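Below is coords15.csv, holding CSV, C-alpha atoms.
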```
chain,number,residue,atom,x,y,z
A,1,MET,CA,111.9,-188.9,113.0
A,2,PHE,CA,114.2,-189.3,110.0
A,3,LEU,CA,111.3,-188.8,107.5
A,4,ALA,CA,109.9,-185.8,109.4
A,5,MET,CA,113.3,-184.2,109.6
A,6,PHE,CA,114.0,-184.9,105.9
A,7,VAL,CA,110.8,-183.2,104.8
A,8,PHE,CA,111.5,-180.2,107.1
A,9,LEU,CA,115.1,-179.8,105.9
A,10,VAL,CA,114.2,-180.0,102.2
A,11,THR,CA,111.4,-177.5,102.7
A,12,LEU,CA,113.6,-175.1,104.6
A,13,ALA,CA,116.4,-175.5,102.0
A,14,PHE,CA,114.0,-174.5,99.2
A,15,VAL,CA,112.7,-171.6,101.3
A,16,ILE,CA,116.3,-170.3,101.6
A,17,TRP,CA,117.4,-171.2,98.0
A,18,GLN,CA,114.3,-170.0,96.2
A,19,PRO,CA,115.3,-171.6,92.9
A,20,ARG,CA,114.0,-169.8,89.8
A,21,GLY,CA,112.1,-167.3,92.1
A,22,LEU,CA,110.1,-170.0,93.8
A,23,GLN,CA,108.0,-168.2,96.5
A,24,ILE,CA,108.5,-169.2,100.2
A,25,GLY,CA,104.8,-169.7,100.7
A,26,THR,CA,104.5,-172.1,97.7
A,27,THR,CA,107.5,-174.0,99.1
A,28,ALA,CA,106.1,-174.3,102.6
A,29,VAL,CA,102.6,-175.4,101.4
A,30,THR,CA,104.2,-178.0,99.1
A,31,GLY,CA,106.2,-179.3,102.0
A,32,ALA,CA,103.0,-179.6,104.0
A,33,ILE,CA,101.3,-181.5,101.2
A,34,VAL,CA,104.3,-183.9,101.0
A,35,ALA,CA,104.2,-184.4,104.8
A,36,LEU,CA,100.5,-185.3,104.4
A,37,ILE,CA,101.1,-187.7,101.6
A,38,PHE,CA,103.9,-189.6,103.4
A,39,GLY,CA,101.9,-189.7,106.7
A,40,VAL,CA,104.2,-187.5,108.6
A,41,VAL,CA,101.1,-185.5,109.6
A,42,ASP,CA,97.4,-186.2,109.0
A,43,PHE,CA,94.4,-183.9,108.5
A,44,THR,CA,93.7,-183.8,112.3
A,45,ASP,CA,97.2,-182.4,112.7
A,46,VAL,CA,96.4,-179.8,110.1
A,47,LEU,CA,93.3,-178.7,112.0
A,48,SER,CA,95.4,-178.6,115.2
A,49,VAL,CA,97.9,-176.3,113.5
A,50,VAL,CA,95.1,-174.0,112.1
A,51,SER,CA,93.6,-173.8,115.6
A,52,ILE,CA,97.0,-172.6,116.9
A,53,VAL,CA,97.9,-170.1,114.2
A,54,TRP,CA,94.6,-168.7,112.8
A,55,ASP,CA,94.5,-165.7,115.1
A,56,ALA,CA,98.1,-164.9,114.5
A,57,THR,CA,97.7,-165.2,110.7
A,58,LEU,CA,94.6,-163.0,110.5
A,59,ALA,CA,96.2,-160.5,112.8
A,60,PHE,CA,99.4,-160.4,110.7
A,61,ILE,CA,97.4,-159.8,107.6
A,62,GLY,CA,95.6,-156.9,109.3
A,63,ILE,CA,98.9,-155.3,110.6
A,64,ILE,CA,100.5,-155.5,107.2
A,65,ILE,CA,97.5,-154.0,105.4
A,66,LEU,CA,97.5,-151.2,108.0
A,67,SER,CA,101.2,-150.7,107.5
A,68,MET,CA,100.9,-150.6,103.7
A,69,ILE,CA,98.2,-147.9,103.9
A,70,LEU,CA,100.3,-145.8,106.2
A,71,ASP,CA,103.3,-146.3,103.9
A,72,GLU,CA,101.2,-145.2,101.0
A,73,ILE,CA,100.2,-141.9,102.6
A,74,GLY,CA,103.9,-141.2,103.6
A,75,PHE,CA,103.6,-141.9,107.3
A,76,PHE,CA,106.8,-143.9,107.7
A,77,GLU,CA,108.8,-141.7,105.3
A,78,TRP,CA,107.7,-138.7,107.3
A,79,ALA,CA,108.9,-140.4,110.5
A,80,ALA,CA,112.3,-141.4,109.0
A,81,ILE,CA,113.0,-137.8,107.9
A,82,LYS,CA,111.8,-136.4,111.2
A,83,MET,CA,114.2,-138.7,113.1
A,84,ALA,CA,117.1,-137.9,110.7
A,85,LYS,CA,116.6,-134.1,111.1
A,86,LEU,CA,116.2,-134.5,114.8
A,87,SER,CA,119.9,-135.6,114.9
A,88,ARG,CA,120.9,-132.2,113.5
A,89,GLY,CA,123.6,-133.8,111.3
A,90,ASN,CA,125.2,-135.8,114.1
A,91,GLY,CA,125.8,-139.3,112.6
A,92,HIS,CA,125.9,-141.1,115.9
A,93,LEU,CA,122.7,-139.5,117.1
A,94,MET,CA,121.1,-140.4,113.8
A,95,PHE,CA,122.2,-144.0,114.3
A,96,VAL,CA,120.5,-144.1,117.8
A,97,TYR,CA,117.4,-142.3,116.6
A,98,ILE,CA,116.9,-144.6,113.6
A,99,LEU,CA,117.2,-147.6,116.0
A,100,ILE,CA,114.5,-146.0,118.2
A,101,LEU,CA,112.3,-145.5,115.2
A,102,GLY,CA,112.8,-149.2,114.2
A,103,ALA,CA,111.9,-150.2,117.7
A,104,LEU,CA,108.7,-148.2,117.6
A,105,VAL,CA,107.7,-149.5,114.2
A,106,SER,CA,108.4,-153.1,115.2
A,107,ALA,CA,106.4,-152.7,118.4
A,108,PHE,CA,103.2,-151.3,116.8
A,109,PHE,CA,103.4,-152.7,113.2
A,110,ALA,CA,105.3,-156.0,113.8
A,111,ASN,CA,108.9,-156.9,112.9
A,112,ASP,CA,107.8,-158.0,109.5
A,113,GLY,CA,106.3,-154.6,108.8
A,114,ALA,CA,109.5,-153.0,109.8
A,115,ALA,CA,111.5,-155.2,107.4
A,116,LEU,CA,109.1,-154.7,104.5
A,117,ILE,CA,108.4,-151.0,104.8
A,118,LEU,CA,111.1,-149.2,106.8
A,119,THR,CA,114.1,-150.9,105.2
A,120,PRO,CA,113.6,-149.5,101.6
A,121,ILE,CA,112.8,-146.0,103.0
A,122,LEU,CA,116.0,-146.0,105.1
A,123,LEU,CA,118.1,-147.3,102.2
A,124,ALA,CA,116.7,-144.7,99.8
A,125,LYS,CA,117.5,-141.8,102.3
A,126,MET,CA,121.0,-143.0,103.0
A,127,LYS,CA,121.8,-143.2,99.3
A,128,TYR,CA,120.2,-139.7,98.9
A,129,LEU,CA,122.6,-138.4,101.6
A,130,LYS,CA,125.5,-140.1,99.8
A,131,MET,CA,126.7,-142.1,102.8
A,132,LYS,CA,129.7,-144.4,102.3
A,133,PRO,CA,129.1,-148.1,101.8
A,134,LEU,CA,130.4,-149.0,105.3
A,135,ALA,CA,128.1,-146.5,106.9
A,136,ILE,CA,125.1,-147.8,104.9
A,137,PHE,CA,126.0,-151.3,105.9
A,138,ALA,CA,126.1,-150.3,109.6
A,139,PHE,CA,122.7,-148.5,109.5
A,140,LEU,CA,121.1,-151.4,107.5
A,141,MET,CA,122.4,-154.1,109.8
A,142,ALA,CA,121.4,-152.2,112.9
A,143,GLY,CA,117.9,-151.5,111.5
A,144,GLY,CA,117.5,-155.1,110.6
A,145,PHE,CA,118.6,-156.2,114.1
A,146,ILE,CA,116.4,-153.9,116.1
A,147,GLY,CA,113.3,-155.0,114.1
A,148,ASP,CA,113.5,-158.4,115.8
A,149,SER,CA,115.2,-157.5,119.1
A,150,ALA,CA,112.4,-154.9,119.9
A,151,SER,CA,109.5,-157.1,118.7
A,152,SER,CA,108.5,-158.4,122.1
A,153,PRO,CA,106.6,-155.6,124.0
A,154,LEU,CA,103.1,-156.3,122.7
A,155,VAL,CA,101.2,-159.3,121.5
A,156,ILE,CA,100.9,-157.7,118.0
A,157,SER,CA,104.7,-157.0,117.7
A,158,ASN,CA,105.6,-160.4,116.3
A,159,LEU,CA,103.8,-163.5,114.9
A,160,THR,CA,105.6,-165.6,117.6
A,161,ASN,CA,104.0,-163.4,120.3
A,162,ILE,CA,100.5,-163.9,118.9
A,163,VAL,CA,100.9,-167.6,118.5
A,164,THR,CA,102.2,-168.1,122.1
A,165,ALA,CA,99.7,-165.7,123.7
A,166,GLY,CA,96.9,-167.6,121.9
A,167,TYR,CA,98.3,-171.0,122.8
A,168,PHE,CA,98.5,-170.2,126.5
A,169,ASN,CA,95.5,-167.8,126.7
A,170,ILE,CA,97.7,-164.9,127.7
A,171,GLY,CA,95.8,-161.6,127.7
A,172,PHE,CA,97.0,-158.5,125.9
A,173,VAL,CA,97.5,-156.6,129.2
A,174,THR,CA,99.1,-159.4,131.1
A,175,TYR,CA,101.5,-160.0,128.2
A,176,ALA,CA,102.5,-156.3,128.0
A,177,GLN,CA,103.1,-156.1,131.8
A,178,ASN,CA,105.4,-159.1,131.8
A,179,MET,CA,107.3,-158.0,128.7
A,180,PHE,CA,107.7,-154.3,129.5
A,181,LEU,CA,111.1,-154.6,131.3
A,182,PRO,CA,112.7,-157.3,129.2
A,183,ASN,CA,111.8,-155.3,126.0
A,184,ILE,CA,113.2,-152.0,127.4
A,185,LEU,CA,116.4,-153.9,128.4
A,186,ALA,CA,116.6,-155.5,124.9
A,187,ILE,CA,116.3,-152.1,123.2
A,188,LEU,CA,118.9,-150.4,125.5
A,189,ALA,CA,121.3,-153.4,125.0
A,190,SER,CA,120.7,-153.4,121.3
A,191,ILE,CA,121.5,-149.7,120.9
A,192,THR,CA,124.6,-150.0,123.1
A,193,VAL,CA,126.0,-153.2,121.5
A,194,LEU,CA,125.3,-152.1,118.0
A,195,TRP,CA,126.8,-148.7,118.5
A,196,LEU,CA,130.0,-150.2,120.1
A,197,TYR,CA,130.3,-152.6,117.1
A,198,PHE,CA,129.7,-150.1,114.3
A,199,ARG,CA,131.0,-146.9,115.9
A,200,LYS,CA,134.0,-146.6,113.7
A,201,ASP,CA,131.8,-146.9,110.5
A,202,ILE,CA,129.3,-144.2,111.6
A,203,PRO,CA,130.1,-140.8,110.1
A,204,PHE,CA,130.5,-138.0,112.7
A,205,SER,CA,128.5,-135.6,110.6
A,206,ILE,CA,125.8,-135.9,107.9
A,207,ASP,CA,124.4,-133.1,105.8
A,208,VAL,CA,120.7,-133.5,106.6
A,209,SER,CA,119.9,-130.2,104.9
A,210,LYS,CA,119.7,-132.2,101.7
A,211,LEU,CA,116.7,-134.1,103.0
A,212,PRO,CA,113.3,-132.7,102.0
A,213,GLU,CA,110.9,-131.2,104.6
A,214,ALA,CA,109.1,-134.0,106.3
A,215,SER,CA,105.7,-132.6,105.5
A,216,SER,CA,106.5,-132.6,101.8
A,217,VAL,CA,106.5,-136.4,101.6
A,218,ILE,CA,102.9,-136.8,103.0
A,219,LYS,CA,100.7,-137.7,100.1
A,220,ASN,CA,97.3,-137.2,101.8
A,221,HIS,CA,97.3,-134.8,104.7
A,222,THR,CA,93.8,-135.6,105.8
A,223,MET,CA,94.5,-139.3,106.2
A,224,PHE,CA,97.8,-138.5,107.8
A,225,ARG,CA,96.1,-136.4,110.5
A,226,PHE,CA,93.3,-138.9,110.9
A,227,SER,CA,95.8,-141.8,111.3
A,228,TRP,CA,97.1,-140.6,114.6
A,229,GLY,CA,93.7,-140.7,116.2
A,230,PHE,CA,92.8,-144.0,114.5
A,231,LEU,CA,96.0,-145.7,115.8
A,232,ALA,CA,95.3,-144.5,119.3
A,233,LEU,CA,91.7,-145.9,119.1
A,234,LEU,CA,93.0,-149.1,117.7
A,235,MET,CA,95.5,-149.5,120.5
A,236,ALA,CA,92.7,-148.8,123.1
A,237,GLY,CA,90.7,-151.4,121.3
A,238,TYR,CA,93.3,-154.1,121.9
A,239,PHE,CA,93.2,-153.3,125.7
A,240,ILE,CA,89.4,-153.2,125.8
A,241,GLY,CA,89.1,-156.4,123.8
A,242,ASP,CA,91.4,-158.1,126.3
A,243,SER,CA,88.8,-157.5,129.0
A,244,TYR,CA,86.2,-159.4,126.9
A,245,HIS,CA,88.7,-162.1,125.8
A,246,LEU,CA,88.4,-161.2,122.2
A,247,PRO,CA,91.0,-162.5,119.7
A,248,VAL,CA,93.6,-159.9,118.8
A,249,SER,CA,92.8,-160.4,115.1
A,250,VAL,CA,89.3,-158.9,115.6
A,251,PHE,CA,90.9,-155.5,116.1
A,252,ALA,CA,94.1,-156.0,114.0
A,253,LEU,CA,92.3,-157.2,110.8
A,254,GLY,CA,89.0,-155.4,111.6
A,255,GLY,CA,90.7,-152.1,112.2
A,256,ALA,CA,92.8,-152.5,109.1
A,257,LEU,CA,89.7,-153.1,106.9
A,258,VAL,CA,87.9,-150.1,108.4
A,259,PHE,CA,91.1,-148.0,107.9
A,260,LEU,CA,91.2,-149.2,104.3
A,261,LEU,CA,87.6,-148.1,103.6
A,262,ILE,CA,88.3,-144.7,105.1
A,263,ALA,CA,91.5,-144.3,103.1
A,264,ASN,CA,89.5,-145.3,99.9
A,265,TYR,CA,86.9,-142.6,100.8
A,266,TYR,CA,89.6,-140.0,100.9
A,267,LYS,CA,91.2,-141.4,97.7
A,268,ALA,CA,94.5,-142.1,99.6
A,269,VAL,CA,94.7,-145.7,98.3
A,270,LYS,CA,93.2,-148.2,95.9
A,271,PRO,CA,91.8,-151.0,98.1
A,272,LEU,CA,92.1,-153.8,95.5
A,273,MET,CA,95.7,-152.9,94.7
A,274,THR,CA,96.6,-152.7,98.4
A,275,ILE,CA,95.0,-156.1,99.2
A,276,LYS,CA,96.7,-157.6,96.1
A,277,ALA,CA,100.1,-156.2,97.1
A,278,ALA,CA,99.9,-157.6,100.6
A,279,PRO,CA,102.6,-160.3,101.2
A,280,TRP,CA,100.2,-163.3,101.0
A,281,GLN,CA,103.2,-165.6,100.5
A,282,VAL,CA,104.1,-165.0,104.1
A,283,VAL,CA,100.7,-166.3,105.2
A,284,TRP,CA,101.1,-169.5,103.2
A,285,PHE,CA,104.6,-169.8,104.5
A,286,SER,CA,103.6,-169.6,108.2
A,287,ILE,CA,100.7,-172.2,107.8
A,288,GLY,CA,102.7,-174.6,105.6
A,289,LEU,CA,105.8,-174.6,107.7
A,290,TYR,CA,103.9,-175.1,110.9
A,291,VAL,CA,102.3,-178.2,109.4
A,292,VAL,CA,105.7,-179.5,108.3
A,293,VAL,CA,107.1,-178.9,111.8
A,294,TYR,CA,104.1,-180.6,113.4
A,295,GLY,CA,105.5,-183.7,111.9
A,296,LEU,CA,108.6,-183.3,114.0
A,297,LYS,CA,106.3,-183.0,117.1
A,298,ASN,CA,104.7,-186.3,116.1
A,299,ALA,CA,108.1,-187.9,115.7
A,300,GLY,CA,108.9,-187.0,119.4
A,301,LEU,CA,111.0,-183.8,119.1
A,302,THR,CA,108.8,-182.0,121.7
A,303,ASP,CA,109.3,-184.9,124.1
A,304,VAL,CA,113.1,-184.5,123.9
A,305,ILE,CA,112.9,-180.7,124.3
A,306,ALA,CA,110.5,-181.1,127.2
A,307,SER,CA,113.0,-183.3,129.0
A,308,TRP,CA,115.7,-180.7,128.5
A,309,ILE,CA,113.5,-178.0,130.0
A,310,ARG,CA,112.6,-180.2,133.0
A,311,GLU,CA,116.4,-180.7,133.6
A,312,LEU,CA,116.9,-176.9,133.4
A,313,ASN,CA,114.1,-176.4,136.0
A,314,THR,CA,115.9,-178.5,138.5
A,315,HIS,CA,118.7,-175.9,138.7
A,316,GLY,CA,116.6,-172.9,139.9
A,317,ASP,CA,114.8,-170.0,138.2
A,318,PHE,CA,117.9,-168.3,136.8
A,319,ILE,CA,119.2,-171.3,135.0
A,320,ALA,CA,115.7,-172.3,133.9
A,321,ILE,CA,114.8,-168.9,132.4
A,322,VAL,CA,118.2,-168.2,130.8
A,323,GLY,CA,118.6,-171.8,129.6
A,324,THR,CA,115.1,-171.9,128.0
A,325,GLY,CA,115.7,-168.6,126.3
A,326,PHE,CA,119.0,-169.7,124.8
A,327,LEU,CA,117.7,-173.1,123.9
A,328,SER,CA,114.9,-171.4,122.0
A,329,ALA,CA,117.4,-169.0,120.4
A,330,PHE,CA,119.7,-171.8,119.2
A,331,ILE,CA,116.9,-173.9,117.7
A,332,SER,CA,115.5,-170.7,116.0
A,333,SER,CA,118.8,-169.9,114.5
A,334,VAL,CA,119.1,-173.2,112.7
A,335,MET,CA,115.4,-174.1,112.3
A,336,ASN,CA,113.7,-170.7,111.9
A,337,ASN,CA,111.8,-169.1,114.7
A,338,MET,CA,108.3,-169.7,113.2
A,339,PRO,CA,108.4,-173.5,113.7
A,340,THR,CA,110.5,-173.1,116.9
A,341,ILE,CA,108.0,-171.1,118.8
A,342,MET,CA,105.3,-173.8,118.3
A,343,ILE,CA,107.6,-176.7,119.1
A,344,MET,CA,108.8,-174.9,122.2
A,345,ASP,CA,105.3,-173.9,123.2
A,346,ILE,CA,104.1,-177.5,123.1
A,347,ALA,CA,107.2,-178.7,125.0
A,348,ILE,CA,106.6,-176.1,127.8
A,349,ASP,CA,103.0,-177.1,127.9
A,350,GLN,CA,104.1,-180.8,128.4
A,351,VAL,CA,106.4,-179.6,131.3
A,352,GLY,CA,103.4,-177.7,132.8
A,353,TYR,CA,102.5,-174.1,132.1
A,354,ILE,CA,101.3,-173.3,135.7
A,355,GLY,CA,104.3,-172.3,137.7
A,356,ASN,CA,106.5,-172.0,134.6
A,357,GLU,CA,105.0,-168.9,133.1
A,358,ALA,CA,108.4,-167.2,132.9
A,359,LEU,CA,109.6,-170.0,130.6
A,360,VAL,CA,106.9,-169.0,128.1
A,361,TYR,CA,108.2,-165.5,128.0
A,362,ALA,CA,111.8,-166.7,127.8
A,363,ASN,CA,110.8,-168.8,124.8
A,364,ILE,CA,109.4,-165.7,123.1
A,365,LEU,CA,112.5,-163.7,123.8
A,366,GLY,CA,114.7,-166.5,122.5
A,367,SER,CA,112.6,-167.0,119.4
A,368,ASN,CA,112.5,-163.2,118.7
A,369,LEU,CA,116.2,-162.5,119.4
A,370,GLY,CA,118.0,-165.7,118.8
A,371,PRO,CA,117.3,-165.9,115.1
A,372,LYS,CA,119.5,-162.8,114.5
A,373,MET,CA,122.5,-165.1,114.7
A,374,THR,CA,121.8,-166.5,111.3
A,375,PRO,CA,120.2,-165.2,108.1
A,376,ILE,CA,117.6,-168.1,108.1
A,377,GLY,CA,116.6,-167.5,111.7
A,378,SER,CA,113.5,-165.4,111.3
A,379,LEU,CA,111.0,-164.6,108.6
A,380,ALA,CA,111.6,-160.9,109.1
A,381,THR,CA,115.3,-161.4,108.3
A,382,LEU,CA,114.5,-163.4,105.2
A,383,LEU,CA,112.1,-160.6,104.1
A,384,TRP,CA,114.7,-158.0,105.0
A,385,LEU,CA,117.4,-159.7,102.9
A,386,HIS,CA,114.9,-160.1,100.0
A,387,VAL,CA,114.0,-156.4,100.1
A,388,LEU,CA,117.6,-155.4,100.1
A,389,ALA,CA,118.4,-157.8,97.2
A,390,GLN,CA,115.6,-156.2,95.2
A,391,LYS,CA,117.3,-152.8,95.8
A,392,GLY,CA,120.7,-154.2,94.6
A,393,VAL,CA,122.2,-154.6,98.1
A,394,LYS,CA,123.7,-158.1,98.7
A,395,ILE,CA,124.7,-159.1,102.2
A,396,SER,CA,126.4,-162.5,102.3
A,397,TRP,CA,125.9,-165.1,105.0
A,398,GLY,CA,129.4,-164.5,106.3
A,399,GLU,CA,128.9,-160.7,106.6
A,400,TYR,CA,125.6,-161.2,108.4
A,401,MET,CA,126.8,-163.9,110.8
A,402,LYS,CA,129.9,-162.0,111.7
A,403,VAL,CA,127.7,-159.4,113.2
A,404,GLY,CA,124.8,-161.6,114.4
A,405,LEU,CA,126.9,-164.1,116.3
A,406,VAL,CA,128.7,-161.4,118.2
A,407,ILE,CA,125.8,-159.1,119.1
A,408,THR,CA,122.8,-161.5,119.6
A,409,PRO,CA,123.9,-163.5,122.7
A,410,ALA,CA,124.8,-160.4,124.8
A,411,VAL,CA,121.4,-158.6,124.0
A,412,LEU,CA,119.4,-161.8,124.6
A,413,PHE,CA,121.1,-162.4,128.0
A,414,VAL,CA,120.3,-158.8,129.1
A,415,ALA,CA,116.7,-159.2,128.0
A,416,LEU,CA,116.3,-162.5,129.9
A,417,LEU,CA,117.6,-160.8,133.0
A,418,GLY,CA,114.5,-158.7,132.9
A,419,LEU,CA,112.4,-161.9,133.3
A,420,VAL,CA,114.7,-163.2,136.1
```

Show me the file's structure as structure tokens.
Amino acid sequence: MFLAMFVFLVTLAFVIWQPRGLQIGTTAVTGAIVALIFGVVDFTDVLSVVSIVWDATLAFIGIIILSMILDEIGFFEWAAIKMAKLSRGNGHLMFVYILILGALVSAFFANDGAALILTPILLAKMKYLKMKPLAIFAFLMAGGFIGDSASSPLVISNLTNIVTAGYFNIGFVTYAQNMFLPNILAILASITVLWLYFRKDIPFSIDVSKLPEASSVIKNHTMFRFSWGFLALLMAGYFIGDSYHLPVSVFALGGALVFLLIANYYKAVKPLMTIKAAPWQVVWFSIGLYVVVYGLKNAGLTDVIASWIRELNTHGDFIAIVGTGFLSAFISSVMNNMPTIMIMDIAIDQVGYIGNEALVYANILGSNLGPKMTPIGSLATLLWLHVLAQKGVKISWGEYMKVGLVITPAVLFVALLGLV
């Protein structure tokens, strides 16, 4: 256990520190190699990890490529301007509308897509509107929070969702049905709590007339019009594929590649540049870190967690569901939600999935929402902070946790009530 924990902590420390620009994927893969060398894991374990995460990884690549193409044609910038102008200059309405936009982007393009693509667009528009620093901080923090808190409605909304759905063979439709109410409650709670927390920093009025017309930011009108129909067909494909038990990556990655070819035909993107610009380091990060964490499983961590979940089960459904959600949230906040989701999935499987289905969804909610308590809790937050740092915006751990520790528990509790 000591050796497995040491390898994990060193790997995570380098992921956070990133000395001399060391990429997170390189660090995670290095950690996995070290774990192999010291016998914390073996090649059979690596194959087990690959069997768990391959669908999630390929689906993630597809979702990000699709998001990048849409970003290239101006789809998300158009949406941001539309939402801003819909507020008619009311700062508080704009705050709510931007959160709704973040929730929609997270639902259909994953929380990592929201962090990578929507964040720089919002930051640019807020600077263009000459908003004060406190107001910019409020909008950025709220946008970063909603990206994770609203990432539970569909299997494709978060890597954690895809991993868990694949591990327990949960269909696309079944997942969406079970997560509909908890996600709605999470969004409503997020908007309410975020507004209450930041209401004094939000300007009453904003001169949105300075913003350009939404249509002017569209770089390829043909692809823009086509994308609406394509996205609708893609969503239908997810539901149809569920009937035939097809992996979600078949449609996520397959659809993205088809969309890329069509975008190339209409000269909207350069395929090689798009593929090259995709965040491949995230892929290596997820696989490498999962291998490192599998060493903790070998050392008995899942057995310990399984015993805790069994104890929670003895106190009835309410305690079991809420307790499992907060257990997942706490572990995610200190260990990152990527490894947490797999450790918790294995532990719940040891307890027994049949009859404990609600615990699986509680784990997802905890792994998606709980990480917002700390900057290291989720990959989306790490990406979000990295994007902001590249734009010259530094948010300290203290500033972040002052918000995250206050807001996250309340929103998570409300979301878990949807499962209860």

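Closest to Gly325 (chain A) among A:Val29, A:Ala150, A:Ile16, A:Leu312 is A:Leu312, based on all atoms listed in the file.
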
Spatial neighbours of Ile98 (chain A), 9 Å, only C-alpha atoms, chain gap at least 3 places, as a ChimeraX atom specification: /A:80,83-84,93-95,101-103,122,139,142-143

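With all atoms listed in the file as the atoms that count, the minimum distance from Asn313 (chain A) to the choices A:Val351, A:Gly295, A:Ile262, A:Val105 is reached by A:Val351.
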
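Here CA of Leu47 (chain A) stands at a distance of 9.4 Å from CA of Val291 (chain A).
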
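Taking CA of Ser51 (chain A) and CA of Lys372 (chain A) as endpoints, the distance between them is 28.2 Å.
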
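Straight-line separation from CA of Lys127 (chain A) to CA of Leu140 (chain A): 11.6 Å.
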
Shell of 6 Å around Ser205 (chain A), all atoms listed in the file, local chain residues under 6 positions omitted, as JSON, numbers by chain: {"A": [89, 90, 91]}

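With only C-alpha atoms as the basis for measurement, A:His386 is the residue among A:Ala189, A:Ile61, A:His386, A:Asn336 that approaches Gly21 (chain A) most closely.
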
Excluding region 224-239 of chain A and any residue of its chain fewer than 6 positions from it, enumerate the residues within 7 Å of it, using all atoms listed in the file, and give them as a PyMOL selection string. chain A and resi 73+75+172-173+248+251+255

Region 272-285 of chain A: which residues within 7 Å, counting all atoms listed in the file, same-chain residues fewer than 3 positions away excluded, as JSON, numbers by chain? {"A": [23, 24, 25, 26, 28, 29, 57, 64, 65, 288, 289]}

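In this comparison, which uses only C-alpha atoms, the residue of A:Ile376, A:Ala13, A:Leu417, A:Met1 approaching Asn298 (chain A) most closely is A:Met1.
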
Where atoms are lacking, region 131-146 of chain A completed to N, CA and C atoms, as an mmCIF file, in the coordinates of the input:
```
data_model
loop_
_atom_site.group_PDB
_atom_site.id
_atom_site.type_symbol
_atom_site.label_atom_id
_atom_site.label_comp_id
_atom_site.auth_asym_id
_atom_site.auth_seq_id
_atom_site.Cartn_x
_atom_site.Cartn_y
_atom_site.Cartn_z
ATOM 1 N N MET A 131 125.858 -141.441 101.729
ATOM 2 C CA MET A 131 126.700 -142.100 102.800
ATOM 3 C C MET A 131 127.557 -143.134 102.188
ATOM 4 N N LYS A 132 128.698 -143.366 102.811
ATOM 5 C CA LYS A 132 129.700 -144.400 102.300
ATOM 6 C C LYS A 132 129.108 -145.771 102.544
ATOM 7 N N PRO A 133 129.595 -146.733 101.738
ATOM 8 C CA PRO A 133 129.100 -148.100 101.800
ATOM 9 C C PRO A 133 129.165 -148.707 103.240
ATOM 10 N N LEU A 134 130.262 -148.479 103.961
ATOM 11 C CA LEU A 134 130.400 -149.000 105.300
ATOM 12 C C LEU A 134 129.342 -148.439 106.256
ATOM 13 N N ALA A 135 129.064 -147.150 106.082
ATOM 14 C CA ALA A 135 128.100 -146.500 106.900
ATOM 15 C C ALA A 135 126.667 -147.039 106.589
ATOM 16 N N ILE A 136 126.383 -147.220 105.302
ATOM 17 C CA ILE A 136 125.100 -147.800 104.900
ATOM 18 C C ILE A 136 124.925 -149.177 105.459
ATOM 19 N N PHE A 137 126.003 -149.982 105.391
ATOM 20 C CA PHE A 137 126.000 -151.300 105.900
ATOM 21 C C PHE A 137 125.654 -151.305 107.436
ATOM 22 N N ALA A 138 126.298 -150.385 108.155
ATOM 23 C CA ALA A 138 126.100 -150.300 109.600
ATOM 24 C C ALA A 138 124.646 -149.940 109.935
ATOM 25 N N PHE A 139 124.080 -148.958 109.228
ATOM 26 C CA PHE A 139 122.700 -148.500 109.500
ATOM 27 C C PHE A 139 121.710 -149.653 109.106
ATOM 28 N N LEU A 140 121.969 -150.318 107.981
ATOM 29 C CA LEU A 140 121.100 -151.400 107.500
ATOM 30 C C LEU A 140 121.087 -152.575 108.502
ATOM 31 N N MET A 141 122.286 -153.003 108.909
ATOM 32 C CA MET A 141 122.400 -154.100 109.800
ATOM 33 C C MET A 141 121.742 -153.792 111.171
ATOM 34 N N ALA A 142 121.982 -152.578 111.640
ATOM 35 C CA ALA A 142 121.400 -152.200 112.900
ATOM 36 C C ALA A 142 119.870 -152.107 112.814
ATOM 37 N N GLY A 143 119.368 -151.565 111.695
ATOM 38 C CA GLY A 143 117.900 -151.500 111.500
ATOM 39 C C GLY A 143 117.287 -152.856 111.402
ATOM 40 N N GLY A 144 117.962 -153.788 110.729
ATOM 41 C CA GLY A 144 117.500 -155.100 110.600
ATOM 42 C C GLY A 144 117.453 -155.854 111.971
ATOM 43 N N PHE A 145 118.476 -155.589 112.776
ATOM 44 C CA PHE A 145 118.600 -156.200 114.100
ATOM 45 C C PHE A 145 117.510 -155.737 115.042
ATOM 46 N N ILE A 146 117.315 -154.427 115.104
ATOM 47 C CA ILE A 146 116.400 -153.900 116.100
ATOM 48 C C ILE A 146 114.933 -154.306 115.739
#
```
